[in-house]
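See below for the structure under consideration.
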Amino acid sequence: MLDAPLHNRPEIVALLKRQLERTLAKSNDAQARLSLGPPTIDRTLGGGLALPGLHEVVGSGAPAIAAMLASQVGGATAWILGRERVRRPYPCGIEIAGISPRNLLFITPHRRDALWALEQALKSGVLRAVIAESATAPDFTESRRLQLAAVAGGALGLLLPPDSAHHSSAAETRWRATAIPRNSPSGFPRYRLELLKNKQGSLTYWEVDWHGPSHRFHLASPSRDRSHPAPRTRMAG
């Protein structure tokens, strides 16, 4: 193949692209599934959140939800902070999310190096989860590199990009997380989770409570399924 004439290079590129797509498909088939708790959410995700793999979370509740998802895999977690953040995440909030501060590493790269730092952390093989705040959304090629890095390192990648309806990505899923104010003696936070992208199928949303003692999600109303079709305008990407 290396001795092919120059005019055959487009065919070689196309062949390599098909081989890469087959490799990605096999990797996806081999992925485990991380249960998020409620059976209706796990079914929508094809059995749970793809692990290893890259996932995106946008919205005002993105940092909290990312920490909660990372806590589900246990082990060492890295949090790549955006330069615009004035303070690190609150330690008590991190513990409520289920992550021990002893297992959390903060990284603050230069803004242009955030995605590079995420890729290196994901494929290091020593981290179970990596959360990364990014001031700019990666393009499709960059996100594919991140997805491959997550698979290579066996890690859960959680990217927090700007919220954009037209963002195209190779991530397994994309979520929008919004905190819902509530008056509850339990103090458990409630969120609206919108599934904006799902390689396994349908798009929908739920209202969920984060149960602090068990570190698990619960549907806001146990008596009925609060899943709904997602608006068509959010199916792109």
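Naming scheme: A, B, ... for chains in displayed order of the structure tokens; residues 1 onward per chain; ligands 1 onward as shown.
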
Notebook entry, point to check: Running DSSP on the backbone, which parts of range 17-211 of chain A land in strand (DSSP E), as a count of residues only?
Noted result: 55

Next item on the list: Please identify all polymer residues within 9 Å of range 190-199 of chain A, counting only C-alpha atoms, omitting same-chain residues fewer than 2 positions from it, and present them as a PyMOL selection string.
Entry: chain A and resi 44-46+61+65+165+171-182+188+201-210+220+230-231+234-237

Can you write just those residues out, C-alpha atoms, as a short mmCIF file (atom, residue, chain, number, x, y, z; two decimals), in the first residue's frame?
data_model
loop_
_atom_site.label_atom_id
_atom_site.label_comp_id
_atom_site.auth_asym_id
_atom_site.auth_seq_id
_atom_site.Cartn_x
_atom_site.Cartn_y
_atom_site.Cartn_z
CA THR A 44 -32.82 4.41 26.78
CA LEU A 45 -29.02 4.31 26.86
CA GLY A 46 -28.88 0.70 25.67
CA GLY A 61 -26.03 21.98 36.22
CA ILE A 65 -23.94 16.20 37.05
CA ALA A 165 -27.63 23.49 19.52
CA ALA A 171 -19.36 11.73 21.84
CA GLU A 172 -21.53 8.81 22.87
CA THR A 173 -24.11 11.06 24.51
CA ARG A 174 -24.79 14.75 25.14
CA TRP A 175 -26.86 15.98 28.08
CA ARG A 176 -28.25 19.30 29.22
CA ALA A 177 -28.49 19.53 33.00
CA THR A 178 -30.58 22.15 34.77
CA ALA A 179 -31.04 22.43 38.51
CA ILE A 180 -34.68 22.55 39.65
CA PRO A 181 -35.37 24.66 42.78
CA ARG A 182 -37.29 22.70 45.37
CA PHE A 188 -31.41 16.25 47.88
CA GLY A 201 -31.48 5.63 20.01
CA SER A 202 -34.18 7.89 21.35
CA LEU A 203 -33.89 11.37 22.83
CA THR A 204 -35.87 12.29 25.90
CA TYR A 205 -35.66 13.99 29.29
CA TRP A 206 -36.26 13.18 32.94
CA GLU A 207 -36.51 14.90 36.28
CA VAL A 208 -34.22 13.13 38.72
CA ASP A 209 -33.15 13.46 42.34
CA TRP A 210 -29.59 12.83 43.42
CA ALA A 220 -38.37 12.48 40.78
CA ALA A 230 -36.98 15.55 23.25
CA PRO A 231 -37.70 18.56 21.03
CA ARG A 234 -32.09 19.32 19.68
CA MET A 235 -31.53 16.17 17.66
CA ALA A 236 -28.63 17.57 15.65
CA GLY A 237 -25.02 16.66 16.38
#

Next item on the list: Have a look at CA of Glu56 in chain A and CA of Leu118 in chain A and let me know their distance in Å, one decimal.
Entry: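 Separating CA of Glu56 in chain A from CA of Leu118 in chain A is a distance of 12.8 Å.
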
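Taking CA of Asp163 in chain A as the reference point, CA of Asn103 in chain A is found at 28.4 Å.
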
Next item on the list: Would you mind reading off the distance between CA of Arg33 in chain A and CA of Pro52 in chain A, one decimal, in Å?
Entry: 8.5 Å
